[in-house]
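Shown next: input_2.csv, given as CSV, C-alpha atoms and all ligand atoms.
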chain,number,residue,atom,x,y,z
A,1,MET,CA,182.1,148.3,74.3
A,2,SER,CA,181.6,147.5,78.0
A,3,ILE,CA,178.0,147.4,79.3
A,4,LYS,CA,177.1,149.8,82.1
A,5,LYS,CA,176.2,147.9,85.2
A,6,LEU,CA,173.4,149.2,87.4
A,7,ASN,CA,172.5,149.1,91.1
A,8,GLY,CA,169.3,147.3,91.7
A,9,THR,CA,167.0,146.4,94.5
A,10,VAL,CA,164.6,143.5,94.1
A,11,ILE,CA,161.6,143.5,96.4
A,12,VAL,CA,160.7,139.8,96.2
A,13,THR,CA,157.6,140.0,98.4
A,14,TYR,CA,155.5,142.4,100.4
A,15,ARG,CA,154.6,139.6,102.9
A,16,CYS,CA,156.2,140.1,106.3
A,17,ASN,CA,156.1,138.2,109.6
A,18,ALA,CA,157.4,141.1,111.7
A,19,ARG,CA,155.1,143.9,113.2
A,20,CYS,CA,157.4,146.9,113.2
A,21,THR,CA,156.0,150.1,114.7
A,22,MET,CA,157.5,152.3,111.9
A,23,CYS,CA,156.3,150.2,109.0
A,24,ASN,CA,152.8,149.0,108.1
A,25,ARG,CA,153.8,146.8,105.2
A,26,TYR,CA,152.8,143.7,107.2
A,27,LYS,CA,149.2,144.9,107.0
A,28,ALA,CA,149.4,145.1,103.2
A,29,PRO,CA,151.0,141.9,101.8
A,30,SER,CA,151.3,140.9,98.2
A,31,ASN,CA,149.5,137.9,96.9
A,32,PRO,CA,152.1,135.1,96.5
A,33,GLU,CA,150.6,134.1,93.1
A,34,GLU,CA,151.7,137.5,91.7
A,35,GLU,CA,155.1,137.8,93.2
A,36,ILE,CA,158.1,138.3,90.9
A,37,SER,CA,158.9,135.1,89.0
A,38,ILE,CA,162.3,133.6,88.0
A,39,GLU,CA,161.3,134.4,84.4
A,40,THR,CA,161.0,138.1,85.2
A,41,ILE,CA,164.2,138.1,87.2
A,42,ARG,CA,166.0,136.6,84.2
A,43,LYS,CA,165.1,139.8,82.3
A,44,LEU,CA,167.0,142.1,84.7
A,45,PRO,CA,170.1,143.9,83.4
A,46,PRO,CA,173.7,143.3,84.6
A,47,MET,CA,174.3,144.8,88.0
A,48,TYR,CA,177.3,145.7,90.1
A,49,PHE,CA,175.2,145.5,93.2
A,50,THR,CA,171.9,143.9,94.1
A,51,ASN,CA,169.9,144.2,97.3
A,52,ILE,CA,167.2,141.6,97.9
A,53,THR,CA,164.5,142.8,100.2
A,54,GLY,CA,160.9,142.6,101.2
A,55,GLY,CA,158.6,142.3,103.2
A,56,GLU,CA,160.7,139.5,104.6
A,57,PRO,CA,162.5,137.8,101.6
A,58,PHE,CA,163.0,134.5,103.4
A,59,ILE,CA,159.2,134.0,103.4
A,60,ARG,CA,159.7,133.1,99.7
A,61,THR,CA,160.5,129.3,99.7
A,62,ASP,CA,162.2,129.7,96.3
A,63,ILE,CA,164.7,132.3,97.6
A,64,LYS,CA,167.6,130.0,96.6
A,65,ASP,CA,166.4,129.9,93.0
A,66,ILE,CA,166.1,133.7,93.0
A,67,VAL,CA,169.6,134.2,94.4
A,68,ARG,CA,171.0,131.6,91.9
A,69,GLU,CA,169.5,133.5,89.0
A,70,LEU,CA,170.6,136.9,90.3
A,71,TYR,CA,174.2,135.7,90.7
A,72,LYS,CA,174.3,135.2,87.0
A,73,LYS,CA,174.0,139.0,86.5
A,74,SER,CA,175.2,140.6,89.7
A,75,ASP,CA,178.7,141.1,91.1
A,76,ARG,CA,177.5,141.4,94.7
A,77,ILE,CA,174.3,140.5,96.5
A,78,VAL,CA,173.1,141.6,99.9
A,79,ILE,CA,169.9,140.3,101.5
A,80,SER,CA,168.0,142.5,104.0
A,81,THR,CA,166.1,140.3,106.5
A,82,ASN,CA,164.7,140.2,110.0
A,83,GLY,CA,166.7,137.1,110.7
A,84,TYR,CA,163.8,135.1,112.0
A,85,PHE,CA,164.0,132.1,109.7
A,86,THR,CA,167.4,131.0,110.9
A,87,ASP,CA,167.4,127.6,109.2
A,88,ARG,CA,166.5,129.0,105.8
A,89,ILE,CA,169.2,131.7,106.1
A,90,VAL,CA,171.9,129.2,107.1
A,91,ASP,CA,170.9,126.9,104.3
A,92,LEU,CA,171.2,129.6,101.7
A,93,ALA,CA,174.5,130.8,103.2
A,94,LYS,CA,175.9,127.2,102.8
A,95,GLU,CA,175.3,127.4,99.0
A,96,PHE,CA,176.3,131.1,98.7
A,97,PRO,CA,179.0,131.8,101.3
A,98,GLN,CA,179.9,135.0,99.5
A,99,ILE,CA,176.5,136.6,99.9
A,100,GLY,CA,175.9,139.6,102.2
A,101,ILE,CA,173.3,139.3,105.0
A,102,ARG,CA,172.0,142.3,106.9
A,103,ILE,CA,169.7,141.5,109.8
A,104,SER,CA,167.5,144.3,111.1
A,105,ILE,CA,167.9,144.7,114.9
A,106,GLU,CA,166.4,147.8,116.4
A,107,GLY,CA,168.3,148.0,119.6
A,108,LEU,CA,169.1,145.9,122.7
A,109,GLU,CA,166.8,143.0,123.4
A,110,GLN,CA,163.8,144.7,125.0
A,111,THR,CA,163.8,147.7,122.7
A,112,ASN,CA,164.2,145.5,119.6
A,113,ASN,CA,161.3,143.2,120.6
A,114,GLU,CA,159.0,146.1,121.3
A,115,ILE,CA,159.7,147.8,118.0
A,116,ARG,CA,159.8,144.7,115.8
A,117,GLY,CA,156.9,142.9,117.4
A,118,LEU,CA,158.5,139.5,116.9
A,119,ASP,CA,158.5,136.9,119.6
A,120,ASN,CA,162.1,136.4,120.8
A,121,GLY,CA,163.1,138.4,117.7
A,122,TYR,CA,166.4,139.8,119.2
A,123,GLN,CA,167.7,136.4,120.2
A,124,ARG,CA,166.7,134.8,116.8
A,125,GLY,CA,168.4,137.6,114.9
A,126,TYR,CA,171.4,137.6,117.1
A,127,GLN,CA,171.8,133.8,117.0
A,128,THR,CA,171.4,133.8,113.2
A,129,LEU,CA,174.2,136.4,112.9
A,130,LYS,CA,176.4,134.4,115.2
A,131,LYS,CA,175.8,131.2,113.3
A,132,LEU,CA,176.7,132.9,110.0
A,133,ARG,CA,179.9,134.2,111.5
A,134,GLU,CA,180.8,130.8,112.9
A,135,MET,CA,180.3,129.4,109.3
A,136,GLY,CA,183.0,131.9,108.2
A,137,MET,CA,180.8,134.3,106.4
A,138,LYS,CA,182.4,137.7,106.0
A,139,ASP,CA,179.7,140.0,104.7
A,140,VAL,CA,177.2,139.9,107.6
A,141,GLY,CA,175.9,142.6,109.9
A,142,PHE,CA,173.3,144.5,111.7
A,143,GLY,CA,170.8,147.0,110.3
A,144,MET,CA,169.2,149.5,112.7
A,145,THR,CA,166.4,152.1,112.0
A,146,VAL,CA,167.2,154.8,114.6
A,147,GLN,CA,164.3,156.6,116.2
A,148,ASP,CA,163.4,158.2,119.6
A,149,LYS,CA,162.8,154.9,121.2
A,150,ASN,CA,166.0,153.1,120.3
A,151,ALA,CA,168.5,156.0,119.9
A,152,PRO,CA,170.1,155.3,123.3
A,153,ASP,CA,170.9,151.8,122.1
A,154,LEU,CA,172.7,152.9,119.0
A,155,VAL,CA,176.3,152.9,120.4
A,156,PRO,CA,175.8,149.8,122.6
A,157,LEU,CA,174.5,147.9,119.6
A,158,TYR,CA,177.4,149.1,117.5
A,159,ASP,CA,179.8,147.9,120.2
A,160,ILE,CA,178.2,144.4,120.0
A,161,SER,CA,178.5,144.3,116.2
A,162,ASP,CA,182.1,145.6,116.4
A,163,GLU,CA,183.1,142.9,118.9
A,164,MET,CA,181.6,140.3,116.5
A,165,GLY,CA,183.5,141.8,113.6
A,166,MET,CA,180.3,142.7,111.8
A,167,GLU,CA,179.0,145.5,109.5
A,168,PHE,CA,176.7,148.0,111.2
A,169,ALA,CA,174.2,149.8,108.9
A,170,THR,CA,172.0,152.6,110.1
A,171,ALA,CA,168.9,154.3,108.8
A,172,SER,CA,166.3,156.6,110.3
A,173,LEU,CA,162.5,156.9,110.0
A,174,HIS,CA,161.1,157.5,106.5
A,175,ASN,CA,157.6,157.8,105.1
A,176,SER,CA,156.6,156.3,101.8
A,177,PHE,CA,154.2,153.9,100.0
A,178,TYR,CA,156.8,151.2,100.5
A,179,PHE,CA,156.5,151.5,104.3
A,180,VAL,CA,152.7,152.1,104.0
A,181,GLU,CA,153.4,155.0,106.4
A,182,ALA,CA,153.1,158.8,106.4
A,183,LYS,CA,153.3,159.6,110.1
A,184,ASN,CA,156.9,158.6,111.0
A,185,ILE,CA,158.7,161.5,112.7
A,186,ILE,CA,161.6,162.0,115.1
A,187,HIS,CA,160.4,164.0,118.2
A,188,ASP,CA,163.5,164.6,120.2
A,189,ARG,CA,165.9,165.6,117.5
A,190,PRO,CA,168.8,166.8,119.7
A,191,MET,CA,168.8,163.5,121.7
A,192,VAL,CA,168.8,161.3,118.6
A,193,ALA,CA,171.5,163.5,117.0
A,194,GLN,CA,173.6,163.3,120.1
A,195,ASN,CA,173.6,159.5,119.8
A,196,PHE,CA,174.5,159.8,116.1
A,197,GLU,CA,177.4,162.1,117.2
A,198,ASN,CA,178.7,159.5,119.6
A,199,LEU,CA,178.6,156.8,116.9
A,200,ILE,CA,180.3,159.1,114.4
A,201,ASN,CA,183.1,159.7,116.8
A,202,LYS,CA,183.6,156.0,117.4
A,203,LEU,CA,183.6,155.4,113.6
A,204,LEU,CA,186.1,158.2,112.9
A,205,LYS,CA,188.4,156.9,115.7
A,206,SER,CA,188.6,153.5,114.1
A,207,ASN,CA,191.3,152.5,111.6
A,208,SER,CA,188.9,151.4,109.0
A,209,PRO,CA,188.3,153.8,106.0
A,210,LYS,CA,185.0,152.0,105.4
A,211,LYS,CA,183.9,153.2,108.9
A,212,TRP,CA,185.1,156.7,108.2
A,213,PHE,CA,182.7,156.8,105.2
A,214,ARG,CA,180.0,155.3,107.4
A,215,ALA,CA,180.6,158.3,109.8
A,216,TYR,CA,179.8,160.6,106.9
A,217,PHE,CA,176.6,158.7,106.2
A,218,ASN,CA,175.5,159.1,109.8
A,219,HIS,CA,176.4,162.8,109.7
A,220,GLY,CA,173.9,162.9,106.7
A,221,LEU,CA,171.3,161.2,109.0
A,222,ILE,CA,171.6,164.1,111.5
A,223,ASN,CA,171.0,166.5,108.6
A,224,TYR,CA,168.0,164.4,107.4
A,225,ILE,CA,166.2,164.2,110.8
A,226,TYR,CA,166.4,168.0,110.9
A,227,GLY,CA,164.6,168.0,107.6
A,228,GLN,CA,167.4,169.6,105.5
A,229,LYS,CA,168.3,169.3,101.9
A,230,ARG,CA,170.3,166.1,101.0
A,231,LEU,CA,174.0,166.5,101.3
A,232,LEU,CA,174.4,164.7,97.9
A,233,PRO,CA,172.2,164.8,94.7
A,234,CYS,CA,169.7,162.0,94.3
A,235,ASP,CA,170.3,160.1,90.9
A,236,MET,CA,167.8,157.3,91.5
A,237,SER,CA,166.3,155.9,88.2
A,238,PHE,CA,169.4,157.0,86.2
A,239,ASP,CA,171.7,154.1,87.1
A,240,THR,CA,169.8,152.7,90.0
A,241,PHE,CA,166.4,151.0,90.2
A,242,PHE,CA,163.9,149.2,92.4
A,243,ILE,CA,161.6,146.4,91.2
A,244,ASP,CA,158.6,145.5,93.2
A,245,PRO,CA,156.9,142.1,93.6
A,246,TYR,CA,154.6,142.9,90.6
A,247,GLY,CA,157.5,143.5,88.2
A,248,ASP,CA,157.0,147.3,88.3
A,249,VAL,CA,160.3,149.1,88.0
A,250,MET,CA,160.5,152.2,90.2
A,251,PRO,CA,163.2,154.8,90.9
A,252,CYS,CA,163.3,154.1,94.6
A,253,ASN,CA,161.3,153.2,97.7
A,254,GLY,CA,161.1,156.7,99.1
A,255,THR,CA,158.4,158.3,97.1
A,256,LYS,CA,155.0,159.2,98.6
A,257,ASP,CA,153.1,157.3,95.9
A,258,LYS,CA,154.4,154.5,93.7
A,259,GLU,CA,156.2,155.8,90.6
A,260,VAL,CA,156.4,153.4,87.8
A,261,MET,CA,158.9,153.4,84.9
A,262,GLY,CA,157.5,150.3,83.3
A,263,ASN,CA,156.7,146.6,84.0
A,264,LEU,CA,159.2,143.8,83.5
A,265,ASN,CA,156.6,141.1,83.3
A,266,ARG,CA,155.3,142.7,80.1
A,267,GLN,CA,158.3,144.5,78.6
A,268,THR,CA,161.9,143.8,77.9
A,269,TRP,CA,164.5,145.7,80.1
A,270,ASP,CA,165.6,147.9,77.1
A,271,GLU,CA,162.0,148.8,76.2
A,272,LEU,CA,161.2,149.7,79.8
A,273,TRP,CA,164.5,151.6,80.6
A,274,ASN,CA,164.3,153.7,77.5
A,275,SER,CA,160.6,154.4,77.5
A,276,LEU,CA,158.7,157.7,77.8
A,277,GLU,CA,157.4,156.7,81.2
A,278,ALA,CA,160.9,156.1,82.5
A,279,GLU,CA,161.9,159.5,81.2
A,280,LYS,CA,158.9,161.1,83.0
A,281,VAL,CA,159.9,159.5,86.2
A,282,ARG,CA,163.5,160.7,85.8
A,283,LYS,CA,162.2,164.2,85.4
A,284,LYS,CA,160.2,163.9,88.6
A,285,VAL,CA,163.3,162.6,90.4
A,286,ARG,CA,165.3,165.6,89.3
A,287,CYS,CA,162.9,167.8,91.3
A,288,CYS,CA,162.1,165.4,94.1
A,289,ASP,CA,161.9,167.3,97.5
A,290,ARG,CA,161.7,164.3,99.8
A,291,ASP,CA,165.4,164.4,100.6
A,292,CYS,CA,165.6,160.8,101.8
A,293,TRP,CA,168.8,159.6,103.3
A,294,MET,CA,168.6,155.8,102.9
A,295,ILE,CA,171.6,153.7,102.0
A,296,GLY,CA,169.9,152.5,98.8
A,297,SER,CA,170.0,156.1,97.3
A,298,VAL,CA,173.0,157.4,99.2
A,299,SER,CA,175.5,154.7,98.6
A,300,PRO,CA,175.4,155.2,94.8
A,301,ALA,CA,175.7,158.9,95.3
A,302,MET,CA,178.6,158.5,97.6
A,303,HIS,CA,180.4,156.6,94.9
A,304,LYS,CA,179.5,159.0,92.2
A,305,TYR,CA,180.4,162.2,94.1
A,306,ILE,CA,183.2,160.5,96.1
A,307,TRP,CA,185.1,163.8,96.6
A,308,VAL,CA,182.4,165.2,98.9
A,309,PRO,CA,182.5,162.4,101.5
A,310,MET,CA,186.2,162.1,101.0
A,311,LEU,CA,186.9,165.8,101.8
A,312,TRP,CA,184.6,165.5,104.9
A,313,VAL,CA,186.5,162.4,106.0
A,314,LEU,CA,189.9,164.1,105.5
A,315,ARG,CA,188.8,167.2,107.4
A,316,HIS,CA,187.5,165.1,110.3
A,317,LYS,CA,190.4,162.8,110.5
A,318,LEU,CA,192.7,165.8,110.7
A,319,LYS,CA,190.5,167.1,113.5
A,320,PHE,CA,191.0,163.8,115.3
A,321,TRP,CA,194.7,164.0,115.0
A,322,LYS,CA,194.5,167.5,116.7
A,323,LYS,CA,192.5,165.8,119.4
A,324,LYS,CA,189.2,167.4,118.4
A,325,LYS,CA,186.0,165.5,117.9
A,326,TYR,CA,183.1,165.7,115.5
A,327,SER,CA,180.2,167.8,116.9
A,328,MET,CA,176.6,167.7,115.7
A,329,TYR,CA,176.7,171.5,116.0
A,330,GLU,CA,178.8,171.5,112.9
A,331,ASN,CA,175.3,171.4,111.2
A,332,LYS,CA,174.0,174.9,111.1
A,333,ILE,CA,170.4,173.8,111.6
A,334,VAL,CA,171.3,172.0,114.8
A,335,ARG,CA,172.9,175.2,116.1
A,336,ASP,CA,169.9,177.2,115.0
A,337,TYR,CA,167.5,174.9,116.9
A,338,ARG,CA,169.7,175.0,120.0
A,339,ASP,CA,169.8,178.8,119.8
A,340,GLY,CA,166.0,179.1,119.4
A,341,LYS,CA,166.2,180.5,115.8
A,342,VAL,CA,164.0,177.8,114.6
A,343,THR,CA,161.1,176.0,116.4
A,344,LYS,CA,160.2,172.3,116.7
A,345,GLU,CA,157.0,173.0,114.7
A,346,GLU,CA,159.0,174.5,111.9
A,347,LEU,CA,161.3,171.5,111.8
A,348,ASP,CA,158.3,169.2,111.9
A,349,LYS,CA,157.0,170.9,108.8
A,350,CYS,CA,160.3,170.2,106.9
A,351,SER,CA,159.8,166.5,107.5
A,352,THR,CA,157.8,164.1,105.2
A,353,CYS,CA,155.4,163.4,108.1
A,354,ASP,CA,151.8,164.1,107.1
A,355,MET,CA,149.2,163.2,109.7
A,356,LEU,CA,146.4,163.7,107.2
A,357,ALA,CA,147.9,161.8,104.3
A,358,LYS,CA,146.0,158.9,102.7
A,359,VAL,CA,148.7,156.3,102.3
A,360,ASN,CA,149.1,154.5,99.0
A,361,ASP,CA,150.3,151.0,99.6
A,362,GLY,CA,151.3,150.2,96.0
A,363,LEU,CA,149.3,146.9,96.0
A,364,SER,CA,147.8,145.4,92.9
A,365,ASP,CA,144.0,144.9,92.8
A,366,LYS,CA,144.4,141.2,93.3
A,367,SER,CA,146.5,141.7,96.4
A,368,ARG,CA,144.1,144.2,97.8
A,369,GLU,CA,141.2,141.9,97.0
A,370,GLN,CA,142.5,139.3,99.5
A,371,LEU,CA,142.3,142.0,102.3
A,372,LYS,CA,138.6,142.2,102.0
A,373,ASP,CA,137.9,139.3,104.4
A,374,LYS,CA,141.2,138.9,106.1
A,375,THR,CA,143.8,141.1,107.7
A,376,GLY,CA,147.4,141.2,106.3
A,377,GLU,CA,148.6,139.4,109.5
A,378,GLU,CA,146.1,136.6,109.0
A,379,ILE,CA,147.1,136.2,105.3
A,380,VAL,CA,150.8,136.0,106.1
A,381,ASP,CA,150.3,133.7,109.2
B,1,LIG,S1,165.0,161.9,97.3
B,1,LIG,FE1,165.6,160.3,95.8
B,1,LIG,S2,165.3,158.3,97.0
B,1,LIG,FE2,164.1,159.9,98.0
B,1,LIG,S3,162.0,159.8,97.2
B,1,LIG,FE3,163.2,161.4,96.1
B,1,LIG,S4,164.0,160.3,94.3
B,1,LIG,FE4,163.4,158.7,95.8
Transcribe the structure of this file into structure tokens.
Ligand code: SF4
Amino acid sequence: MSIKKLNGTVIVTYRCNARCTMCNRYKAPSNPEEEISIETIRKLPPMYFTNITGGEPFIRTDIKDIVRELYKKSDRIVISTNGYFTDRIVDLAKEFPQIGIRISIEGLEQTNNEIRGLDNGYQRGYQTLKKLREMGMKDVGFGMTVQDKNAPDLVPLYDISDEMGMEFATASLHNSFYFVEAKNIIHDRPMVAQNFENLINKLLKSNSPKKWFRAYFNHGLINYIYGQKRLLPCDMSFDTFFIDPYGDVMPCNGTKDKEVMGNLNRQTWDELWNSLEAEKVRKKVRCCDRDCWMIGSVSPAMHKYIWVPMLWVLRHKLKFWKKKKYSMYENKIVRDYRDGKVTKEELDKCSTCDMLAKVNDGLSDKSREQLKDKTGEEIVD
């Protein structure tokens, strides 16, 4: 009998050297002594895809050992990074040229540096990507979190990545314990949606089926920023999981508070995955109303319900052949807002933004203890 492979995300650390405006994780780092060990990683199940993320994963000096271990159980690995530690990234890529690297770049130089708060961050990220490309690495690309400030840079940045023959992954603002943030919100929805529309038309025009499906993902982002129901069901925790630096296994990184299915430091994978706690979390996921649209939860859904994006792609390619383009007004809510049938305040209420929320950072007591006499930034520095 063949074993069912899962889709997993390993958060190897909550330490981060960036200072992003849309994420407060850098203020709430994990204590390195508690961060997920190789022994715990060995207990993970077989996976068809693994994302390694943080915090900033390259802060871990044993990242090579982690990757080596994960390759024993995963068909494909992609690391999400801010690209700052060029030498460490290049060194890892030499040993694992088949690995995927996504570098978060939030727009053109000035915008990126303002959003990410990293000295010379754009140049470092860009140069890292260039170096990886020169080394012949294929699976490298940009990752951009689209918001009011950087939406006008969306297509120009896509053009740069396209010229370099790279992948271009998008996201928008989310609120959750993982980002230690509850106040993220898009203010000028039509302007942001217009920039997504321009990108979607570029992607649909290309000859790459992969880009056509990316166009569908970006269409889903317009739907998301208008606070609508997800275009596809969310099946996180059924065949997809996240594991945090403490070994806690969770359905995803989009929940308001940390939801725990079990702990891999203390349990075996089978015990944890088949536990009562895991079932309880799955029940919650079934009625989750956060309607995230992040690649971690959408990509498995796009594979599982492939006919939905496929029909969308076919319809829009057909439109293109008839010289018609995709329009953001295909989304009813975008038309309703334009026509004054719904107000900005009503749309704001549909978002996960909560100005009064007390944010849960998901830290352990020991990690929180170190914040008593130092800030998160001081600890990481
Ligand atoms: S919609 Fe899915 S990914 Fe988002 S918080 Fe709910 S369960 Fe997690």
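Compared by their closest atoms to ligand LIG 1 (chain B), and using all atoms listed in the file, the residues A:Ala357, A:Ala151, A:Leu173, A:Ile295 rank with A:Ile295 nearest.
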### Task
Give the residue list for ligand LIG 1 (chain B) at 6 Å, counting all atoms listed in the file, as a list in words, sorted by chain and then by residue number.
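Residues lying within 6 Å of ligand LIG 1 (chain B): Cys234, Met236, Cys252, Gly254, Thr255, Val285, Cys288, Arg290, Asp291, Cys292 and Ser297 of chain A.
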### Task
Find the spatial neighbours of Lys325 (chain A), counting only C-alpha atoms, within a cut-off of 9 Å - ignore same-chain residues fewer than 3 positions away - and output them as a ChimeraX atom specification.
/A:201,204,316,319-320,322
### Task
Might you pull out every residue within 7 Å of region 155-161 of chain A, with only C-alpha atoms counted and same-chain residues fewer than 5 positions away left off, and present them as a list of chain:residue names?
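Result of the neighbour search: A:Gly107, A:Leu108, A:Phe142, A:Met166, A:Glu167, A:Phe168, A:Leu199.
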### Task
Compare A:Ser327, A:Gln147, A:Asn82, A:Asn265 by their minimum atom-to-atom distance to Tyr246 (chain A), counting only C-alpha atoms, and give me the closest one.
A:Asn265
